[in-house]
Amino acid sequence: MRTTISIVAAAIVATASGLLSIAISAQSPATQPPDFSGVYRPINAVGPPGAGRDGPRAGGPPAPAPGQPLPPPTRTAPLSDGSQGRSPTAPQLTPEYLARWQAMSKSRVAGSSESDNTAKCLPPGMPAMMNMAYGMEVMQTKDKITFFSELNDALRRVYLDGRKPTPAILDDPTYAGYSTGRWEGDTLVVETVALRDNTYIEGFTPHSDQMTVKERIRFTSPGILEDRITVTDPKALVKPWETVKTYRKMTTPPEDQLREFACAEGIEHAR
Amino acid sequence: MKTRVLVSLAALAALQLGEVPAVSHHSNVAFAVETVLTATGTVKEWQWSNPHTWLIVAVDDGKGGTVQWAMEGRAPGVLLRAGWSRSVLKAGDKVTVHYSPSKVGSKVGMIARVTLSDGKVLPNAPPGD
């Protein structure tokens, strides 16, 4: 009799702990952050007309039926010299920074690459590098996410272990800046500070050394990664500027691999 | 004016040597991107290099002679995905190049598309890009 009771009691305990472990495993996917690791290509790298972007690009109407000759292209790239003015969706600049943009536009319209950092093989910097025009690779661990851009082999790290920028970090601005992130459910919330002032927000929109960038990064559907970017700069911008970048995850070779960029190869003194 | 003449002479000298012009662009602001012209000629050199590729072409001048042009293409990584390769072009190949001309009038263009003698078309962007 006693033996029977013991067996029943053991069975009840076993069942209860089994239920508990089922409950835990059902809960864990929600508490586990998603894994963004992988190679992605941008869905909207070019942005609205007039936004500008570096590099030649296809233009013209879609391809005709097979066997038919292609119509001549109508242009090679979007205008990136500002000759059509600023896009209504571009960051709104204060008078001082608008004057800087206008001076650069004049130089670009004349054909000068002087204000084009990418042409000098400098890193595009944040937030422009998140255009990821030629593709990006994301490498994720529990404590850090690394974003790598094929264009200019540019790299940024987002620390997830709770560290904060120190005075020494803030005193040493870089192109990619210093990024810290935390998970809000399935969304990675990132703040970037310590950015150099000689990069561009996008196209050749200038900014000050007071610029900071906030991002909310998440999967909107399987394999589609979205980065909602908010740029704040009390000196250069009339109001914070928001933009959304979207990327598609590549899963089959060779699309799921990036190629070396080695920009210095094309620089005069390096040859 | 004198500076411009010197720059043009330097560019021409570089072309004579089969080199990429001294004025390396890597930036589309150097080109009239809304104009696309066509040139037919023979490949002299295909440089599979970053940040941009270069196609040196002896272009028919319509008078029985040729003029050397340097056509700037996109980066190898992008062109790979558009169907190009390091060996897709070689010296002696007959090509038709659609290009945007340099704003300063030098014999330099930015490639929109290249058609090979067998009809194969090399676009400057991957499909759907």
# chains A, B, ... in the order shown; residues from 1 in each chain; ligands from 1
call {"tool": "residues_around", "arguments": {"residues": "B:Val88", "least_positions_apart": "2", "cutoff": "10 Å", "atoms": "only C-alpha atoms", "output": "list in words"}}
result
Trp46, Gly83, Trp84, Ser85, Arg86, Lys90, Asp93, Leu116 and Leu122 of chain B
call {"tool": "write_last_selection", "arguments": {"atoms": "C-alpha atoms", "output": "compact mmCIF listing (two decimals), in the first residue's frame"}}
result
# COMPACT_ATOMS: atom_id res chain seq x y z
CA TRP B 46 40.20 44.83 -69.13
CA GLY B 83 27.04 38.26 -64.94
CA TRP B 84 30.54 39.67 -65.53
CA SER B 85 33.84 38.08 -64.55
CA ARG B 86 37.57 38.71 -64.62
CA LYS B 90 39.98 40.15 -73.18
CA ASP B 93 37.30 41.35 -78.29
CA LEU B 116 29.80 41.38 -76.89
CA LEU B 122 26.55 42.68 -69.79
call {"tool": "closest_atom_pairs", "arguments": {"of": "chain B", "to": "chain A", "cutoff": "7 Å", "atoms": "only C-alpha atoms", "output": "Markdown table"}}
result
| residue | atom | partner | partner_atom | distance |
| --- | --- | --- | --- | --- |
| B:His25 | CA | A:Ala119 | CA | 6.9 |
| B:His26 | CA | A:Ala119 | CA | 4.9 |
| B:Ser27 | CA | A:Ala119 | CA | 5.5 |
| B:Asn28 | CA | A:Gly55 | CA | 5.8 |
| B:Val29 | CA | A:Gly111 | CA | 5.2 |
| B:Ala30 | CA | A:Gly111 | CA | 4.2 |
| B:Phe31 | CA | A:Gly111 | CA | 6.8 |
| B:Val33 | CA | A:Thr76 | CA | 5.2 |
| B:Glu34 | CA | A:Arg75 | CA | 4.4 |
| B:Thr35 | CA | A:Arg75 | CA | 5.7 |
| B:Val36 | CA | A:Arg75 | CA | 5.6 |
| B:Ser49 | CA | A:Glu265 | CA | 6.9 |
| B:Asn50 | CA | A:Cys263 | CA | 5.3 |
| B:Pro51 | CA | A:Cys263 | CA | 4.7 |
| B:Arg74 | CA | A:Pro56 | CA | 6.1 |
| B:Gly77 | CA | A:Arg259 | CA | 5.2 |
| B:Val78 | CA | A:Tyr134 | CA | 6.5 |
| B:Ser100 | CA | A:Thr76 | CA | 6.4 |
| B:Lys103 | CA | A:Gly111 | CA | 6.0 |
| B:Met110 | CA | A:Pro56 | CA | 6.9 |
| B:Ala112 | CA | A:Thr76 | CA | 5.0 |
| B:Asn124 | CA | A:Ala58 | CA | 5.6 |
| B:Ala125 | CA | A:Ala58 | CA | 5.7 |
call {"tool": "residues_around", "arguments": {"residues": "stretch 206-221 of chain A", "least_positions_apart": "6", "cutoff": "9 Å", "atoms": "only C-alpha atoms", "output": "PyMOL selection string"}}
result
chain A and resi 34+36+93+97-98+100-101+126-127+173+177+179+186-200+227-237
call {"tool": "closest_residue", "arguments": {"among": "A:Met132, A:Val238, A:Asp172, A:Glu202", "to": "A:Phe147", "atoms": "only C-alpha atoms"}}
result
A:Met132
